[in-house]
$ cat start_16.txt   # compact mmCIF, C-alpha atoms and all ligand atoms
# COMPACT_ATOMS: atom_id res chain seq x y z
CA MET A 1 0.00 0.00 0.00
CA ASN A 2 1.12 3.54 -0.67
CA ASP A 3 1.42 6.32 1.86
CA PRO A 4 -1.83 8.28 1.73
CA VAL A 5 -1.74 11.54 -0.24
CA PHE A 6 -4.33 14.32 -0.48
CA GLY A 7 -4.38 14.58 -4.26
CA ILE A 8 -3.71 18.32 -3.74
CA GLY A 9 -0.36 19.08 -5.38
CA LYS A 10 0.89 21.69 -2.96
CA LEU A 11 -0.02 19.67 0.15
CA ASP A 12 1.45 16.48 -1.25
CA ASP A 13 4.67 18.31 -2.13
CA ASP A 14 4.88 19.85 1.33
CA LEU A 15 4.12 16.66 3.26
CA GLU A 16 5.52 14.13 0.77
CA GLY A 17 2.55 11.93 1.64
CA ILE A 18 1.38 10.95 5.10
CA PRO A 19 3.55 8.17 6.51
CA PHE A 20 1.82 5.41 8.44
CA LYS A 21 1.30 5.95 12.18
CA LYS A 22 0.89 9.72 11.72
CA VAL A 23 -2.09 11.88 12.68
CA VAL A 24 -2.83 15.03 10.67
CA LEU A 25 -5.07 17.71 12.12
CA LEU A 26 -6.88 19.74 9.48
CA SER A 27 -8.13 22.76 11.37
CA ALA A 28 -10.36 25.35 9.78
CA SER A 29 -11.51 28.69 11.09
CA PRO A 30 -15.31 28.77 11.47
CA ALA A 31 -16.16 30.73 8.33
CA VAL A 32 -14.39 28.39 5.92
CA GLY A 33 -15.07 24.77 5.10
CA ASN A 34 -12.59 21.94 5.37
CA GLU A 35 -14.86 19.13 4.23
CA VAL A 36 -13.67 19.16 0.61
CA PHE A 37 -10.15 18.31 1.80
CA GLY A 38 -11.76 15.25 3.40
CA TYR A 39 -13.61 14.28 0.21
CA GLN A 40 -10.45 14.66 -1.81
CA ILE A 41 -8.18 12.58 0.40
CA ILE A 42 -10.79 9.83 0.71
CA TYR A 43 -11.28 9.74 -3.05
CA ASN A 44 -7.60 9.77 -3.89
CA ASN A 45 -6.89 6.88 -1.59
CA ALA A 46 -9.94 4.76 -2.35
CA ILE A 47 -9.28 4.89 -6.10
CA HIS A 48 -5.69 3.84 -5.49
CA LYS A 49 -6.81 0.80 -3.53
CA ASN A 50 -6.02 2.13 -0.09
CA LYS A 51 -8.68 1.01 2.39
CA VAL A 52 -10.32 4.00 4.01
CA LEU A 53 -12.40 4.24 7.19
CA LEU A 54 -14.55 7.35 7.66
CA PHE A 55 -15.97 8.20 11.07
CA LEU A 56 -18.93 10.41 10.17
CA ASN A 57 -21.02 12.46 12.59
CA ARG A 58 -21.60 15.59 10.47
CA THR A 59 -24.17 14.25 8.04
CA SER A 60 -25.57 10.98 6.73
CA PRO A 61 -23.48 8.65 4.55
CA GLN A 62 -25.91 9.20 1.66
CA VAL A 63 -25.54 12.97 1.78
CA TYR A 64 -21.78 12.68 2.24
CA LEU A 65 -21.36 10.47 -0.82
CA THR A 66 -23.64 12.73 -2.88
CA GLU A 67 -21.56 15.76 -1.91
CA MET A 68 -18.44 13.87 -2.94
CA LYS A 69 -20.00 13.13 -6.33
CA ASP A 70 -20.73 16.84 -6.84
CA TYR A 71 -16.98 17.34 -6.83
CA ASP A 72 -16.62 14.42 -9.22
CA PHE A 73 -15.23 12.16 -6.51
CA LYS A 74 -17.10 8.94 -7.28
CA ILE A 75 -16.01 5.80 -5.50
CA ASP A 76 -17.59 2.39 -5.33
CA SER A 77 -15.16 0.46 -3.17
CA ASN A 78 -12.47 0.70 -0.49
CA LEU A 79 -14.50 2.99 1.80
CA VAL A 80 -16.24 1.94 5.04
CA ILE A 81 -18.29 4.56 6.91
CA ILE A 82 -19.12 4.52 10.61
CA ASP A 83 -22.42 6.36 10.68
CA SER A 84 -22.66 8.20 13.98
CA TYR A 85 -25.25 10.64 12.67
CA SER A 86 -28.38 9.04 11.24
CA ASN A 87 -29.80 7.67 14.47
CA LEU A 88 -29.64 11.14 16.03
CA THR A 89 -32.03 12.45 13.42
CA GLY A 90 -34.38 9.53 12.87
CA ILE A 91 -33.08 8.96 9.33
CA LYS A 92 -33.13 5.22 8.73
CA SER A 93 -29.70 3.83 8.07
CA ALA A 94 -29.17 0.12 7.51
CA GLU A 95 -25.96 -1.64 8.35
CA THR A 96 -24.37 -2.80 5.08
CA ALA A 97 -21.08 -4.22 3.95
CA THR A 98 -19.74 -0.65 3.82
CA THR A 99 -21.64 1.12 6.62
CA ARG A 100 -21.55 0.54 10.36
CA VAL A 101 -24.39 2.25 12.16
CA ILE A 102 -24.05 3.57 15.71
CA ASN A 103 -27.41 2.78 17.35
CA ASN A 104 -27.15 5.53 19.89
CA PRO A 105 -24.83 8.32 18.77
CA SER A 106 -25.20 9.91 22.23
CA ASP A 107 -23.55 6.91 23.85
CA LYS A 108 -19.82 7.42 24.27
CA GLU A 109 -19.22 3.78 25.08
CA GLU A 110 -20.90 2.53 21.93
CA ILE A 111 -18.90 4.96 19.80
CA ARG A 112 -15.65 3.93 21.44
CA LYS A 113 -16.41 0.22 21.10
CA ARG A 114 -17.51 0.30 17.46
CA LEU A 115 -14.63 2.50 16.42
CA SER A 116 -12.16 0.32 18.25
CA GLU A 117 -13.52 -2.88 16.66
CA GLU A 118 -13.42 -1.36 13.23
CA LEU A 119 -9.87 -0.03 13.62
CA GLU A 120 -8.76 -3.54 14.58
CA LYS A 121 -9.59 -4.66 11.04
CA GLY A 122 -6.80 -2.46 9.69
CA TYR A 123 -7.27 0.47 7.32
CA ASP A 124 -4.67 2.41 5.38
CA LEU A 125 -6.33 5.72 6.15
CA VAL A 126 -8.75 6.84 8.85
CA VAL A 127 -10.70 10.09 8.39
CA PHE A 128 -12.77 11.87 11.06
CA ASP A 129 -15.47 14.27 9.93
CA SER A 130 -15.65 15.85 12.36
CA LEU A 131 -13.65 16.09 15.53
CA SER A 132 -15.24 19.39 16.55
CA LEU A 133 -18.73 17.88 16.39
CA LEU A 134 -17.55 15.21 18.82
CA ILE A 135 -16.44 18.00 21.13
CA ASP A 136 -19.75 19.80 20.75
CA SER A 137 -21.83 16.64 21.33
CA PHE A 138 -19.77 15.49 24.30
CA ASP A 139 -16.73 17.36 25.54
CA PHE A 140 -13.14 18.07 24.66
CA ASP A 141 -11.73 15.22 26.69
CA PHE A 142 -13.87 12.65 24.93
CA ALA A 143 -12.71 13.90 21.54
CA VAL A 144 -9.11 13.78 22.75
CA SER A 145 -9.63 10.22 23.99
CA MET A 146 -10.87 9.26 20.50
CA VAL A 147 -7.70 10.72 18.98
CA ASP A 148 -5.70 8.70 21.49
CA LEU A 149 -7.59 5.56 20.58
CA VAL A 150 -6.95 6.10 16.87
CA LYS A 151 -3.29 6.90 17.53
CA GLN A 152 -2.83 3.78 19.54
CA LYS A 153 -4.34 1.60 16.79
CA LEU A 154 -2.24 3.29 14.12
CA GLN A 155 0.87 2.00 15.85
CA THR A 156 0.01 -1.63 15.25
CA LYS A 157 -1.75 -1.34 11.90
CA ASP A 158 -0.04 0.33 8.96
CA SER A 159 -2.34 3.27 8.93
CA SER A 160 -2.51 7.07 9.15
CA ALA A 161 -5.31 9.44 10.14
CA VAL A 162 -6.70 12.81 9.14
CA MET A 163 -8.95 14.66 11.59
CA LEU A 164 -11.21 17.46 10.39
CA PHE A 165 -11.61 20.11 13.01
CA THR A 166 -13.26 23.52 13.09
CA ASP A 167 -11.81 25.87 15.66
CA TRP A 168 -14.86 27.42 17.33
CA GLU A 169 -12.65 29.39 19.69
CA TYR A 170 -12.14 26.57 22.13
CA GLY A 171 -9.82 27.21 25.05
CA GLU A 172 -6.11 27.31 24.43
CA ASN A 173 -5.40 24.45 26.80
CA ASP A 174 -7.83 22.20 25.02
CA ILE A 175 -6.48 23.12 21.59
CA ASN A 176 -2.99 22.33 22.83
CA LYS A 177 -4.12 18.84 23.77
CA LEU A 178 -5.03 18.25 20.14
CA GLY A 179 -1.90 19.99 18.89
CA THR A 180 0.46 17.82 20.91
CA ARG A 181 -1.28 14.67 19.73
CA SER A 182 -1.06 15.48 16.05
CA ASN A 183 2.09 14.93 14.01
CA ALA A 184 1.14 17.51 11.44
CA GLN A 185 -1.26 20.39 11.33
CA ILE A 186 -2.77 22.15 8.35
CA GLU A 187 -4.64 25.40 8.87
CA ILE A 188 -7.40 26.59 6.59
CA LYS A 189 -8.41 30.21 6.92
CA GLY A 190 -10.37 32.94 5.22
CA ILE A 191 -9.32 36.43 4.22
CA GLU A 192 -12.11 38.39 5.80
CA LYS A 193 -13.33 41.93 5.38
CA ARG A 194 -16.96 41.69 6.41
CA VAL A 195 -17.28 39.03 3.72
CA ILE A 196 -14.87 36.23 2.98
CA PHE A 197 -13.14 36.98 -0.28
CA GLY A 198 -10.45 34.40 -0.26
CA GLN A 199 -9.42 31.18 1.46
CA TYR A 200 -5.96 29.85 2.05
CA PHE A 201 -4.25 26.92 3.67
CA ALA A 202 -0.80 26.25 5.05
CA VAL A 203 1.02 23.42 6.74
CA ILE A 204 1.92 24.92 10.11
CA LYS A 205 3.77 21.94 11.47
CA CYS A 206 4.90 18.51 10.36
CA ASP A 207 7.19 16.30 12.42
CA TRP A 208 8.39 14.04 9.60
CA VAL A 209 9.50 16.65 7.07
CA LYS A 210 12.71 18.38 8.05
CA GLY A 211 14.29 21.58 6.83
CA LYS A 212 11.43 22.86 4.66
CA GLN A 213 9.77 26.25 4.83
CA PHE A 214 6.03 25.89 4.36
CA SER A 215 4.11 28.69 2.69
CA SER A 216 0.43 29.46 2.54
CA VAL A 217 -1.52 29.37 -0.71
CA LEU A 218 -4.92 30.60 -1.78
CA PHE A 219 -7.36 27.95 -2.95
CA LYS A 220 -10.83 27.45 -4.32
CA ALA A 221 -13.08 24.44 -3.88
CA VAL A 222 -14.38 23.81 -7.38
CA LYS A 223 -17.27 21.59 -8.49
CA PRO A 224 -16.27 19.38 -10.19
CA GLY A 225 -12.60 19.06 -9.43
CA GLY A 226 -12.13 19.77 -5.72
CA ILE A 227 -9.39 21.88 -4.15
CA LYS A 228 -7.45 23.99 -6.64
CA ILE A 229 -4.58 26.28 -5.75
CA TYR A 230 -5.70 29.72 -6.86
CA PHE A 231 -3.71 32.65 -8.25
CA PRO A 232 -5.99 35.66 -8.53
CA LYS A 233 -3.85 37.70 -10.90
CA ILE A 234 -1.09 36.72 -13.30
CA LEU A 235 0.02 39.50 -15.62
CA ILE A 236 0.89 38.75 -19.24
CA THR A 237 2.84 41.55 -20.84
CA GLY A 238 5.31 42.23 -23.66
CA PRO A 239 5.74 44.24 -26.86
CA THR A 240 3.09 44.65 -29.50
CA ASP A 241 2.26 41.60 -31.60
CA ALA A 242 4.50 39.31 -29.54
CA GLY A 243 1.59 36.91 -28.89
CA LYS A 244 0.15 37.87 -25.49
CA THR A 245 -3.46 37.48 -26.58
CA SER A 246 -2.57 34.24 -28.36
CA PHE A 247 -0.93 32.92 -25.18
CA ILE A 248 -3.96 33.71 -23.01
CA HIS A 249 -6.39 32.15 -25.48
CA SER A 250 -4.19 29.06 -25.73
CA ALA A 251 -3.92 28.69 -21.95
CA SER A 252 -7.58 29.21 -21.05
CA LYS A 253 -10.88 27.96 -22.37
CA ASP A 254 -13.04 31.05 -22.09
CA ALA A 255 -10.70 33.99 -22.63
CA VAL A 256 -12.07 37.38 -23.65
CA SER A 257 -10.11 40.17 -25.26
CA VAL A 258 -10.83 43.78 -25.98
CA ASP A 259 -9.15 43.97 -29.38
CA ARG A 260 -9.37 46.12 -32.44
CA LEU A 261 -7.85 45.18 -35.82
CA GLY A 262 -6.00 42.35 -34.15
CA GLY A 263 -4.33 44.49 -31.48
CA THR A 264 -5.37 44.59 -27.86
CA ILE A 265 -6.68 48.03 -26.91
CA ALA A 266 -7.70 47.43 -23.29
CA LEU A 267 -6.93 44.02 -21.88
CA ASP A 268 -7.27 40.26 -22.21
CA HIS A 269 -8.69 38.08 -19.50
CA GLY A 270 -8.62 34.33 -19.26
CA ASN A 271 -9.59 31.81 -16.65
CA LEU A 272 -7.15 28.99 -16.36
CA ASP A 273 -7.69 25.54 -14.93
CA PHE A 274 -4.52 23.51 -15.18
CA GLU A 275 -2.98 20.60 -13.28
CA GLY A 276 -4.72 21.43 -9.99
CA TYR A 277 -4.26 25.19 -10.32
CA LYS A 278 -6.73 27.94 -11.10
CA ALA A 279 -5.58 31.37 -12.17
CA ASP A 280 -6.90 34.58 -13.65
CA LEU A 281 -4.67 35.78 -16.46
CA PHE A 282 -4.67 39.47 -17.37
CA GLY A 283 -3.03 40.54 -20.62
CA THR A 284 -1.86 44.06 -21.38
CA PRO A 285 -1.90 45.78 -24.75
CA GLY A 286 1.50 46.12 -26.39
CA GLN A 287 1.18 49.37 -28.29
CA GLU A 288 2.85 52.33 -26.63
CA ARG A 289 -0.20 54.55 -26.84
CA PHE A 290 -1.83 52.32 -24.22
CA ASP A 291 1.05 52.54 -21.74
CA PRO A 292 -1.01 54.53 -19.23
CA LEU A 293 -2.92 51.27 -18.64
CA LEU A 294 0.14 49.25 -17.69
CA LYS A 295 0.46 50.28 -14.09
CA LEU A 296 -3.23 49.73 -13.50
CA LEU A 297 -3.15 46.25 -15.04
CA GLY A 298 0.00 45.34 -13.11
CA GLY A 299 -1.54 46.29 -9.75
CA GLU A 300 -2.00 43.34 -7.40
CA ALA A 301 -0.47 40.87 -9.84
CA ILE A 302 1.42 38.09 -8.05
CA GLY A 303 3.39 36.77 -11.01
CA VAL A 304 4.33 37.80 -14.54
CA ILE A 305 4.74 36.13 -17.91
CA LEU A 306 6.75 38.32 -20.27
CA ILE A 307 6.20 37.45 -23.93
CA VAL A 308 8.64 38.46 -26.64
CA ASP A 309 8.79 37.74 -30.34
CA SER A 310 11.88 35.56 -30.96
CA THR A 311 12.40 37.20 -34.34
CA LYS A 312 12.38 40.80 -33.07
CA PRO A 313 15.32 41.48 -30.73
CA ASP A 314 14.93 45.19 -31.52
CA GLN A 315 11.77 45.02 -29.33
CA PHE A 316 13.60 43.57 -26.31
CA PRO A 317 14.41 46.96 -24.72
CA ARG A 318 10.72 47.77 -25.07
CA ALA A 319 9.90 44.51 -23.24
CA ILE A 320 12.07 45.58 -20.31
CA GLU A 321 10.53 49.03 -20.34
CA MET A 322 7.04 47.49 -20.16
CA LEU A 323 8.03 45.46 -17.13
CA ARG A 324 9.13 48.66 -15.47
CA LYS A 325 5.88 50.42 -16.36
CA THR A 326 3.75 47.60 -14.96
CA GLU A 327 5.66 48.05 -11.68
CA THR A 328 5.98 44.32 -11.24
CA TYR A 329 9.73 44.13 -10.68
CA GLY A 330 10.57 41.61 -8.01
CA LEU A 331 7.60 39.33 -8.69
CA PRO A 332 8.22 35.80 -9.94
CA ILE A 333 8.58 36.01 -13.69
CA VAL A 334 8.75 33.58 -16.59
CA VAL A 335 9.82 34.69 -20.06
CA VAL A 336 8.21 33.23 -23.17
CA ALA A 337 10.01 33.48 -26.51
CA ASN A 338 7.13 33.18 -28.97
CA LYS A 339 7.16 32.67 -32.76
CA ALA A 340 10.12 30.38 -32.15
CA ASN A 341 9.61 28.45 -35.39
CA LEU A 342 9.65 31.43 -37.71
CA PRO A 343 12.72 32.01 -39.91
CA GLY A 344 15.13 34.29 -38.10
CA ALA A 345 14.02 33.26 -34.61
CA LEU A 346 16.90 33.66 -32.16
CA ALA A 347 18.15 30.73 -30.11
CA LEU A 348 17.24 30.70 -26.43
CA ASP A 349 20.78 31.42 -25.27
CA ASP A 350 20.90 34.49 -27.45
CA ILE A 351 17.55 35.70 -26.14
CA ARG A 352 18.67 35.07 -22.59
CA GLU A 353 21.74 37.21 -23.11
CA ARG A 354 20.00 40.04 -24.91
CA LEU A 355 17.30 40.25 -22.23
CA HIS A 356 19.96 40.11 -19.48
CA LEU A 357 18.33 37.06 -17.89
CA GLY A 358 20.25 35.01 -15.35
CA LYS A 359 21.22 31.51 -16.46
CA ASP A 360 18.52 29.94 -14.27
CA ALA A 361 15.73 32.39 -15.09
CA PRO A 362 12.83 30.40 -16.54
CA LEU A 363 12.63 30.88 -20.31
CA PHE A 364 10.39 28.90 -22.69
CA GLN A 365 9.85 28.76 -26.41
CA THR A 366 6.36 28.79 -27.90
CA PHE A 367 5.06 28.85 -31.44
CA ALA A 368 1.86 28.62 -33.44
CA GLU A 369 0.35 25.16 -33.68
CA ASP A 370 -0.52 25.59 -37.33
CA LEU A 371 1.49 28.03 -39.44
CA SER A 372 -0.86 27.69 -42.41
CA HIS A 373 -3.69 29.37 -40.46
CA ILE A 374 -2.26 32.61 -39.18
CA ASP A 375 -4.66 35.53 -39.53
CA PRO A 376 -2.98 38.89 -38.81
CA ASN A 377 -6.20 40.07 -37.16
CA GLU A 378 -6.71 37.08 -34.88
CA PRO A 379 -4.79 35.45 -32.07
CA THR A 380 -3.49 32.05 -32.97
CA LYS A 381 -3.36 28.83 -30.98
CA LEU A 382 0.09 28.12 -29.59
CA LYS A 383 1.41 24.61 -29.18
CA LYS A 384 0.65 23.46 -25.70
CA GLU A 385 4.07 22.09 -24.64
CA GLY A 386 5.63 25.54 -24.42
CA VAL A 387 2.55 27.16 -22.90
CA ASN A 388 2.26 24.44 -20.25
CA GLY A 389 5.96 24.53 -19.51
CA ALA A 390 5.82 28.27 -18.85
CA LEU A 391 2.73 27.95 -16.63
CA ARG A 392 4.21 25.08 -14.65
CA ALA A 393 7.42 27.01 -14.05
CA LEU A 394 5.56 30.10 -12.87
CA PHE A 395 3.26 28.14 -10.58
CA LYS A 396 6.25 26.38 -9.10
CA GLU A 397 7.80 29.76 -8.30
CA LEU A 398 4.55 30.90 -6.73
CA THR A 399 3.99 27.96 -4.36
N1 LIG A 401 3.69 32.81 -37.23
C1 LIG A 401 3.30 33.01 -35.99
N2 LIG A 401 2.36 33.95 -35.75
C2 LIG A 401 1.95 34.13 -34.46
C3 LIG A 401 2.48 33.38 -33.41
N3 LIG A 401 1.88 33.77 -32.27
C4 LIG A 401 1.04 34.76 -32.61
N4 LIG A 401 1.06 34.99 -33.94
C5 LIG A 401 0.30 35.99 -34.69
O1 LIG A 401 0.83 37.25 -34.35
C6 LIG A 401 -0.19 38.23 -34.30
C7 LIG A 401 -0.19 38.92 -32.94
O2 LIG A 401 -0.61 38.00 -31.96
P1 LIG A 401 -1.38 38.47 -30.65
O3 LIG A 401 -1.52 37.28 -29.80
O4 LIG A 401 -2.58 39.25 -31.00
O5 LIG A 401 -0.26 39.47 -30.07
P2 LIG A 401 -0.37 40.48 -28.85
O6 LIG A 401 0.93 40.41 -28.16
O7 LIG A 401 -1.58 40.23 -28.06
O8 LIG A 401 -0.50 41.88 -29.61
P3 LIG A 401 -1.00 43.30 -29.01
O9 LIG A 401 -2.19 43.04 -28.20
O10 LIG A 401 -1.28 44.16 -30.19
O11 LIG A 401 0.14 43.84 -28.24
C8 LIG A 401 -1.47 37.51 -34.63
O12 LIG A 401 -1.72 37.66 -36.00
C9 LIG A 401 -1.16 36.07 -34.32
O13 LIG A 401 -1.95 35.19 -35.09
C10 LIG A 401 3.47 32.38 -33.72
O14 LIG A 401 4.00 31.69 -32.86
N5 LIG A 401 3.85 32.26 -35.00
MG MG A 402 -3.08 41.37 -27.55

$ encode --input "start_16.txt" --output "structure tokens"
Amino acid sequence: MNDPVFGIGKLDDDLEGIPFKKVVLLSASPAVGNEVFGYQIIYNNAIHKNKVLLFLNRTSPQVYLTEMKDYDFKIDSNLVIIDSYSNLTGIKSAETATTRVINNPSDKEEIRKRLSEELEKGYDLVVFDSLSLLIDSFDFDFAVSMVDLVKQKLQTKDSSAVMLFTDWEYGENDINKLGTRSNAQIEIKGIEKRVIFGQYFAVIKCDWVKGKQFSSVLFKAVKPGGIKIYFPKILITGPTDAGKTSFIHSASKDAVSVDRLGGTIALDHGNLDFEGYKADLFGTPGQERFDPLLKLLGGEAIGVILIVDSTKPDQFPRAIEMLRKTETYGLPIVVVANKANLPGALALDDIRERLHLGKDAPLFQTFAEDLSHIDPNEPTKLKKEGVNGALRALFKELT
């Protein structure tokens, strides 16, 4: 069996999987949800033949599985659910090969006994949804004793556990009891200003990964698809006709451009969904008469893709000037040398030198997919290898 992973690139890179015998606390602040992280880790393990046990007291198994399906997480095996919810509400829930029903979810002893029996059978991954509801139904010490029970069983079975927890401002002492029992902790929080306009997560501790700095990232929970790392503004800039609009249309499905006679006169916008990332791409015009827009478009960008035409080195100083005018110096940047298959296109080393790029600065070649269909008044589709390479490199810099 493989070490469980979340199926969320950034988390799996940070944690390098969850080794057996480890407990991960996934703690969310009250205004943001953590349940999708649960759906995603269950799905990604069940489909890879890891046996998963879900202790569920937040909703019924039927509703839980339907919610999972809304995110496109459909599973038909490798999941057993302990239903500690239905009998509180009068919903009928029958014991099946994949559900264990707690007859009296108000009875601590029954919960402890059924959980203990089930854990004896050996699972690769145990998920609790949710630990905070156990605290609210009983008390903190009971929830802590359940964590202890799980921890103790993990030692003898090759298994790891993920506990979903919402921090309803419990006392510091109590929180510490959970903190000291967990090997890793992931925090999920909202950026709040009367309304929540962003959510982010970060690994705040992990006792099996040494010498790494963990950073926080924004995310969105997307139906279907699940947790996607989210970059709200990536700026695409570069001289006129270099291929900025073409790049944005090639990278996103539903891009819109404000263009006239083939040149951008206001901006391009594209929504990108790529390898577990979501991003909003904003493209600038290239013509100098629109330079007053550059600073505005560059505001709040978190990364930049600079596009140049490989056949027009005389435009390179202009490219550098545009970077300055967008006031994005210092942000992670990837350079794209477009039109790389046209006669006269410079080699990458040459471009690197003329643009004064360091030897490790990310630089990618792109070119039109189909040279026989270039319309001077339309963006063209660029071959995806180069586009994807540039995006991957930028996202790596940003996470
Ligand atoms: N041959 C060739 N033509 C390309 C390539 N990429 C883009 N083009 C064409 O070059 C022209 C300019 O492309 P755009 O994507 O509109 O360039 P832009 O950088 O957005 O231009 P502005 O918005 O005016 O600054 C269009 O006619 C494209 O079809 C390429 O790799 N090879
Ligand atoms: Mg354009």

$ closest_residue --input "start_16.txt" --among "A:Ile374, A:Val144, A:Ala390, A:Ile191" --to "Phe274 of chain A" --atoms "only C-alpha atoms"
A:Ala390

$ closest_residue --input "start_16.txt" --among "A:Leu267, A:Pro317, A:Val101, A:Asp273" --to "Leu296 of chain A" --atoms "only C-alpha atoms"
A:Leu267

$ axis_aligned_box --input "start_16.txt" --around "ligand LIG 401 (chain A)" --padding-each-side "5 Å" --output "AutoDock Vina command-line options"
--center_x 0.7 --center_y 37.9 --center_z -32.6 --size_x 16.6 --size_y 22.5 --size_z 19.2

$ residues_around --input "start_16.txt" --residues "Tyr170 of chain A" --least-positions-apart "5" --cutoff "12 Å" --atoms "all atoms listed in the file" --output "PyMOL selection string"
chain A and resi 29-30+132+135-136+139-140+165+175-178

$ closest_residue --input "start_16.txt" --among "A:Asn341, A:Ser216, A:Thr245, A:Ser257" --to "ligand MG 402 (chain A)" --atoms "only C-alpha atoms and all ligand atoms"
A:Thr245

$ atom_distance --input "start_16.txt" --atom1 "atom CA of Thr99 of chain A" --atom2 "atom CA of Ala143 of chain A"
21.6 Å

$ closest_residue --input "start_16.txt" --among "A:Lys49, A:His269, A:Lys278, A:Lys228" --to "ligand MG 402 (chain A)" --atoms "only C-alpha atoms and all ligand atoms"
A:His269

$ residues_near_ligand --input "start_16.txt" --ligand "ligand LIG 401 (chain A)" --cutoff "8 Å" --atoms "all atoms listed in the file" --output "VMD selection string"
chain A and resid 237 to 247 259 262 to 265 267 283 to 287 307 338 to 342 366 to 369 371 374 to 382

$ atom_distance --input "start_16.txt" --atom1 "atom CA of Asp280 of chain A" --atom2 "atom CA of Phe231 of chain A"
6.6 Å

$ closest_residue --input "start_16.txt" --among "A:Ser159, A:Asn87, A:Ser250, A:Thr180" --to "Leu391 of chain A" --atoms "all atoms listed in the file"
A:Ser250

$ atom_distance --input "start_16.txt" --atom1 "atom CA of Glu397 of chain A" --atom2 "atom CA of Ala202 of chain A"
16.3 Å

$ residues_around --input "start_16.txt" --residues "Ser84 of chain A" --least-positions-apart "3" --cutoff "12 Å" --atoms "only C-alpha atoms" --output "count of residues only"
37

$ residues_near_point --input "start_16.txt" --point "(-5.5, 13.2, 19.9)" --cutoff "10 Å" --atoms "only C-alpha atoms" --output "PDB file with C-alpha atoms, in the coordinates of the input"
ATOM      1  CA  VAL A  23      -2.090  11.880  12.680  1.00  0.00           C
ATOM      2  CA  VAL A  24      -2.830  15.030  10.670  1.00  0.00           C
ATOM      3  CA  LEU A  25      -5.070  17.710  12.120  1.00  0.00           C
ATOM      4  CA  LEU A 131     -13.650  16.090  15.530  1.00  0.00           C
ATOM      5  CA  ASP A 141     -11.730  15.220  26.690  1.00  0.00           C
ATOM      6  CA  PHE A 142     -13.870  12.650  24.930  1.00  0.00           C
ATOM      7  CA  ALA A 143     -12.710  13.900  21.540  1.00  0.00           C
ATOM      8  CA  VAL A 144      -9.110  13.780  22.750  1.00  0.00           C
ATOM      9  CA  SER A 145      -9.630  10.220  23.990  1.00  0.00           C
ATOM     10  CA  MET A 146     -10.870   9.260  20.500  1.00  0.00           C
ATOM     11  CA  VAL A 147      -7.700  10.720  18.980  1.00  0.00           C
ATOM     12  CA  ASP A 148      -5.700   8.700  21.490  1.00  0.00           C
ATOM     13  CA  LEU A 149      -7.590   5.560  20.580  1.00  0.00           C
ATOM     14  CA  VAL A 150      -6.950   6.100  16.870  1.00  0.00           C
ATOM     15  CA  LYS A 151      -3.290   6.900  17.530  1.00  0.00           C
ATOM     16  CA  GLN A 152      -2.830   3.780  19.540  1.00  0.00           C
ATOM     17  CA  MET A 163      -8.950  14.660  11.590  1.00  0.00           C
ATOM     18  CA  ASN A 176      -2.990  22.330  22.830  1.00  0.00           C
ATOM     19  CA  LYS A 177      -4.120  18.840  23.770  1.00  0.00           C
ATOM     20  CA  LEU A 178      -5.030  18.250  20.140  1.00  0.00           C
ATOM     21  CA  GLY A 179      -1.900  19.990  18.890  1.00  0.00           C
ATOM     22  CA  THR A 180       0.460  17.820  20.910  1.00  0.00           C
ATOM     23  CA  ARG A 181      -1.280  14.670  19.730  1.00  0.00           C
ATOM     24  CA  SER A 182      -1.060  15.480  16.050  1.00  0.00           C
ATOM     25  CA  ASN A 183       2.090  14.930  14.010  1.00  0.00           C
TER      26      ASN A 183
END

$ closest_residue --input "start_16.txt" --among "A:Leu297, A:Val258, A:Ala279, A:Val308" --to "ligand MG 402 (chain A)" --atoms "all atoms listed in the file"
A:Val258

$ decode --input "start_16.txt" --residues "segment 44-51 of chain A" --atoms "N, CA and C atoms" --output "PDB file, in the first residue's frame"
ATOM      1  N   ASN A  44      -8.910  10.098  -3.324  1.00  0.00           N
ATOM      2  CA  ASN A  44      -7.597   9.771  -3.892  1.00  0.00           C
ATOM      3  C   ASN A  44      -6.982   8.514  -3.319  1.00  0.00           C
ATOM      4  N   ASN A  45      -7.407   8.126  -2.140  1.00  0.00           N
ATOM      5  CA  ASN A  45      -6.893   6.878  -1.588  1.00  0.00           C
ATOM      6  C   ASN A  45      -7.745   5.694  -2.010  1.00  0.00           C
ATOM      7  N   ALA A  46      -9.069   5.877  -1.969  1.00  0.00           N
ATOM      8  CA  ALA A  46      -9.944   4.759  -2.346  1.00  0.00           C
ATOM      9  C   ALA A  46      -9.677   4.327  -3.792  1.00  0.00           C
ATOM     10  N   ILE A  47      -9.494   5.298  -4.700  1.00  0.00           N
ATOM     11  CA  ILE A  47      -9.282   4.887  -6.096  1.00  0.00           C
ATOM     12  C   ILE A  47      -7.907   4.255  -6.294  1.00  0.00           C
ATOM     13  N   HIS A  48      -6.998   4.481  -5.373  1.00  0.00           N
ATOM     14  CA  HIS A  48      -5.687   3.837  -5.490  1.00  0.00           C
ATOM     15  C   HIS A  48      -5.563   2.635  -4.561  1.00  0.00           C
ATOM     16  N   LYS A  49      -6.737   2.062  -4.252  1.00  0.00           N
ATOM     17  CA  LYS A  49      -6.808   0.800  -3.528  1.00  0.00           C
ATOM     18  C   LYS A  49      -6.299   0.866  -2.096  1.00  0.00           C
ATOM     19  N   ASN A  50      -6.258   2.052  -1.526  1.00  0.00           N
ATOM     20  CA  ASN A  50      -6.023   2.129  -0.087  1.00  0.00           C
ATOM     21  C   ASN A  50      -7.379   1.970   0.603  1.00  0.00           C
ATOM     22  N   LYS A  51      -7.414   1.188   1.660  1.00  0.00           N
ATOM     23  CA  LYS A  51      -8.683   1.006   2.387  1.00  0.00           C
ATOM     24  C   LYS A  51      -8.881   2.172   3.346  1.00  0.00           C
TER      25      LYS A  51
END
